[in-house]
Each structure stands twice: as C-alpha cells, then as structure tokens.
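See below for the structure under consideration.
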Amino acid sequence: MKSPVPDLAPSDGEEGEDRTPLLQRAPRGETAPVCCSARYNLAFLAFLGFFVLYSLRVNLSVALVDMVDSNTTAADNRTANECAEHPAPIKVLHNQTGKKYRWDAATQGWILGSFFYGYIVMQIPAGYVASRSGGKLLLGFGILGTAVFTLFTPLAADFGVGALVALRALEGLGEGVTFPAMHAMWSSWAPPLERSKLLSISYAGAQFGTVVSLPLSGIICFYMNWTYIFYLFGIVGIIWFILWIWLVTDTPETHKTISPYEKEYILSSLRNQLSSQKSVPWIPMLKSLALWAIVVAHFSYNWTFYTLLTLLPTYMTEVLRFNIQENGFLSAVPYLGCWLCMILSGQAADNLRAKWNFSTLCVRRVFSLIGMIGPAVFLVAAGFIGCDYSLAVAFLTISTTLGGFCSSGFSINHLDIAPSFLRRRHPITASAEGEAPPVHTC
C-alpha cells in the first residue's frame, strides 16, 4: 500500500516495508565467514567496552556498603532485624583499613542516583553527534573519561558528599554517550539478518561486566579495602581505550584489514537501508507510535533494571544479612543468567527471522513480551517470600534472566524502524529483488 502522504507510510504497510529487505536481500548472497571477521571483531571489542562500562558503573554499589559506617543507617532501617544473621563456621577477618563515612540512607541515595543525572543528559545529543561524526571516538572517549573520573573517586569521597555526587554525575555524562554511539556504529556495520546476534554480543558485555565486577568488588573490599576497586577498574578502562582506538573504525569502508568479500557483503546488505539524506525527519519521528512504544518500553524496563543494579547489594546486606563477600557473589548471580539469556536470545531471534521466516515485527514483539512480563511476575513474587534466602535469590535471578530477552526485542528495535524513512527514498522493486518468501506474522 502506498501512503498518500509523501515520506510517510501507513501502519498496515509499515511491517511489510520494514521486513522486506531484511528477509529478501540478505539471504540471497552468501554470508561472509564469521571467524576472524571485522564485524565480529568489532562485536568482541564492543563486548569488552560494555564490560568495562558496567564495571565502572556498578562498583560503587558494592563499595558503598563497605564505605559507610554500619551504625549510621541501623537506626533508620526497619527491616534490618527481620532476617537472622547467617552462620559463619569459618571466621575470616574482614579488612577494615578503608575509611568509613557517616552517610545516612538519604545521602547514599543521592550518591548512587547522581550518576543518572549526567547519564540522561547525553542521550539525545550523543545520538546526534554520533550520526554526524561517527561513534568510534565518542564511545571511546566516553569510557575513557569515566575511567579517569573513577580513579579520583576515593579523593572525591574525602572532599565530601558534594564532590562525590558531582564526580558521579560527570561519570554519567561519559557513559551517557555509549549506547547512542554504539547504535550509530552498528547502523553501518550490522547486516540486517545478523543484527540481533551482533548487538546481543556487544551489549552482553554489560551483564558480564556486572557478573565479574560485583563479586570481585566484594573480594577486594573483604581482603583489601574499597579504594582499590576504583583503581583497578579505572586502569582496565584506560587499557581498553587504547585497544579500541587502535583496532576499530567507524565504517567498513575505512577498515584497513577487512576482507573485500566481507566489506561487499556488509555494504550490499545495507545498501537499501542507508541514505545520503542529511536532514533529520523530526516531525515524523515525534509522531511515530513505534518510536514512542520503544521509549515507553525502555522507561518501564530500565526503571526495574537500574533499581536492582544500583540497590541489590544494599538489599543483600541490610535485609538478607549477607556479608560483603557473599553479597558480591550473590548480587552477580542474576546478571550471569541475564548475560546467558542475551547471548542465546540473540541467536534465536536471528534464526527465527532468517531460517523460519518470522517477521521482524513478530520476533521483536514476542521477545519484548517475555522480557517484560516474566521479570515483573518474579520480582513481585520476591516481595512476598520474607526471609527465605534461597527463594529470594532464585526469584531475583529468574526475573533478571528473563529480562535478557529484551535485548532482541525493543532494545534493538531502533535499528529496525530507523531505516524506514530512508528506504522510502530508495524503494526496492519486485523486479530487482525477486519474490519475497512467506513470512510468519504475529
């Protein structure tokens, strides 16, 4: 169906236009090999980048438990004595050399939340800058800046709450550019029918960074002191930046070691999704129901995700009464499940689209539904289990694991709908592309 309004397509035809190139064009040519390919090398380096990114983000959640004098919040904590202390048959001395601060619960909330004040500011500007100048430098310097600021965290804590809040907000500014920059890079690198796999590999680094940094932070706090957490992860971030700048390019055309076959494979698969059109269709974007659906989905999912990411270590310590070492390990378990789910769901989503001819719309809807409803059910259930430690950890783990389906749902749906405006400027004719295979719709 052709839209009567120029440059806009009706909702009934949108799915057909959006899925046609994804299901027709890519399967017709042979897929470039995966092993040692430039696009999967990019995915691996992006994986390491998001590993560093989330390590820098969540380390304070564990460190703060050890930074704060436990007597400060004990009087205000109404649930601290509901659950019994855990037996400790083997007594290992907890290193107490790190400085303690008398910060009440409200102050801790400001410190943990300040990161997101900077983070939210950069989302739209970063996307605009990345679309104009590329995402490589933007993402690289964003993580580098966060790593450098992290090294100064112990010093800022000594200066006072205001300095620490300001520093965390600056870290948020640095990390706020990363997802928009990465999306901009994948718009030039990811063949449509490999999109779920490549993006899932990249963003799974975030969950893996959480899995590693939470228990490692707990061990460092227990046997050394909390200051070393920030020094370690800050240095790792600087090392990653050097590798990123050295090995990565913004587009396949500028990559020095990519094979001609892989370059042609990527460019041909994206040929009808990219455009030289420079103007941004702001009004159609703001009127797009699909765009607002993604915004609402992100808001709803991230509300739960970041609440757990920030406060789960505090819950483990103050409610379930685990020590700092147990806290780090148990807080990481849910994100291990989420990491595995992201990797597997990315493979499943692309297989459903490429081999089983399910429409992109159907796959995104189903995966988003599982990734939103499942976590909600188990998270609500976790609030009614009292002090059953095993069940609490199990429900939180299942909830966070199921959230991994969203990585192949609304989380990458931006790249599915963004080319719609561009492709209508370069329509694909039936004679050029051949007959479309049967498509399963939801």
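Residue numbering restarts at 1 in every chain; chains get A, B, ... in the order shown in the structure tokens, and ligands count up from 1 in that same order.
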
> Which polymer residues have any atom within 9 Å of an atom of Leu312 in chain A, counting only C-alpha atoms, with same-chain residues fewer than 6 positions away left out, as number ranges by chain?
Replying inline: A: 61, 327, 331

Fewer than 5 positions away in the same chain doesn't count, so skip those; otherwise give me all residues within 8 Å of Thr317 in chain A, counting only C-alpha atoms, as a PDB file with N, CA and C atoms, in the first residue's frame.
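Output contents, as saved in selection-v9.pdb:
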```pdb
ATOM      1  N   VAL A  65      28.683  -0.139  50.413  1.00  0.00           N
ATOM      2  CA  VAL A  65      28.339  -0.950  51.585  1.00  0.00           C
ATOM      3  C   VAL A  65      29.489  -0.955  52.581  1.00  0.00           C
ATOM      4  N   PHE A 322      23.628 -10.723  54.298  1.00  0.00           N
ATOM      5  CA  PHE A 322      24.839 -11.359  53.809  1.00  0.00           C
ATOM      6  C   PHE A 322      26.031 -10.437  54.050  1.00  0.00           C
ATOM      7  N   ASN A 323      27.216 -11.014  54.296  1.00  0.00           N
ATOM      8  CA  ASN A 323      28.392 -10.165  54.464  1.00  0.00           C
ATOM      9  C   ASN A 323      28.866  -9.648  53.108  1.00  0.00           C
ATOM     10  N   ILE A 324      29.874  -8.789  53.112  1.00  0.00           N
ATOM     11  CA  ILE A 324      30.286  -8.102  51.892  1.00  0.00           C
ATOM     12  C   ILE A 324      30.787  -9.074  50.831  1.00  0.00           C
ATOM     13  N   ASN A 327      27.772 -11.010  49.548  1.00  0.00           N
ATOM     14  CA  ASN A 327      26.966 -10.013  48.849  1.00  0.00           C
ATOM     15  C   ASN A 327      27.383  -9.887  47.393  1.00  0.00           C
TER      16      ASN A 327
END
```

> Could you write out, as a PyMOL selection string, all the residues of range 61-287 of chain A that DSSP marks as helix (DSSP H, G or I)?
Replying inline: chain A and resi 61-67+70-74+105-121+123-133+136-151+153-159+161-175+178-189+192-223+227-247+252-254+260-270+282-287

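Taking CA of Asn302 in chain A and CA of Ser411 in chain A as endpoints, the distance between them is 10.6 Å.
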
Long-range neighbours of Arg364 in chain A as a compact mmCIF listing (two decimals) with all heavy atoms, in the first residue's frame, 7 Å cut-off, only C-alpha atoms, 3 positions minimum in chain:
```txt
# COMPACT_ATOMS: atom_id res chain seq x y z
N THR A 360 10.21 -9.56 11.37
CA THR A 360 10.96 -8.83 12.40
C THR A 360 10.02 -8.31 13.47
O THR A 360 10.32 -8.37 14.67
CB THR A 360 11.73 -7.67 11.75
OG1 THR A 360 12.61 -8.19 10.77
CG2 THR A 360 12.52 -6.89 12.79
N LEU A 361 8.86 -7.80 13.05
CA LEU A 361 7.89 -7.27 14.00
C LEU A 361 7.44 -8.33 14.99
O LEU A 361 7.36 -8.09 16.20
CB LEU A 361 6.69 -6.70 13.24
CG LEU A 361 5.56 -6.12 14.09
CD1 LEU A 361 6.06 -4.94 14.91
CD2 LEU A 361 4.39 -5.69 13.21
N PHE A 367 9.71 -11.32 21.93
CA PHE A 367 10.84 -11.25 22.84
C PHE A 367 10.66 -10.13 23.87
O PHE A 367 11.05 -10.27 25.03
CB PHE A 367 12.14 -11.07 22.05
CG PHE A 367 12.69 -12.35 21.48
CD1 PHE A 367 11.93 -13.13 20.62
CD2 PHE A 367 13.95 -12.80 21.82
CE1 PHE A 367 12.42 -14.31 20.09
CE2 PHE A 367 14.46 -13.98 21.31
CZ PHE A 367 13.70 -14.75 20.45
N SER A 368 10.07 -9.02 23.43
CA SER A 368 9.80 -7.92 24.38
C SER A 368 8.77 -8.36 25.42
O SER A 368 8.88 -8.02 26.60
CB SER A 368 9.31 -6.68 23.64
OG SER A 368 10.31 -6.17 22.80
N SER A 408 16.86 -8.61 22.39
CA SER A 408 16.49 -8.88 21.00
C SER A 408 15.07 -8.43 20.71
O SER A 408 14.48 -8.81 19.69
CB SER A 408 16.64 -10.39 20.69
OG SER A 408 17.98 -10.78 20.81
N GLY A 409 14.53 -7.64 21.63
CA GLY A 409 13.19 -7.09 21.45
C GLY A 409 13.28 -5.59 21.20
O GLY A 409 13.89 -5.15 20.23
N PHE A 410 12.71 -4.81 22.11
CA PHE A 410 12.68 -3.36 21.91
C PHE A 410 14.07 -2.72 21.97
O PHE A 410 14.29 -1.64 21.42
CB PHE A 410 11.77 -2.69 22.95
CG PHE A 410 12.29 -2.73 24.35
CD1 PHE A 410 13.20 -1.79 24.80
CD2 PHE A 410 11.88 -3.73 25.24
CE1 PHE A 410 13.69 -1.83 26.09
CE2 PHE A 410 12.37 -3.77 26.53
CZ PHE A 410 13.27 -2.83 26.96
```

> Taking only C-alpha atoms into account, which of A:Ile412, A:Ile220, A:Gly109, A:Leu56 comes nearest Val295 in chain A?
Replying inline: A:Ile412

> Pick from A:Leu247, A:Leu48, A:Leu112, A:Val121: nearest to Ala206 in chain A, with only C-alpha atoms counted?
Replying inline: A:Leu48

>> Report, in Å to a single decimal, how far apart CA of Met224 in chain A and CA of Phe241 in chain A are.
In response: 26.9 Å

>> Could you tell me how far CA of Ala418 in chain A sits from CA of His298 in chain A, in Å to one decimal place?
In response: 16.4 Å

> With only C-alpha atoms as the basis for distance, which of A:Val212, A:Leu330, A:Val165, A:Ala293 is at the shortest distance from Thr314 in chain A?
Replying inline: A:Leu330

>> Report as JSON, numbers by chain all protein, DNA and RNA residues lying within 12 Å of Leu352 in chain A, evaluated on only C-alpha atoms, omitting residues in the same chain fewer than 6 positions from it.
In response: {"A": [23, 193, 194, 196, 197, 345, 346, 358, 359, 360, 361, 362, 363, 364, 366, 367, 408, 439, 440, 441]}

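Proximity ranking of A:Thr210, A:Ser131, A:Thr257, A:Thr249 relative to Leu336 in chain A places A:Thr210 first, based on only C-alpha atoms.
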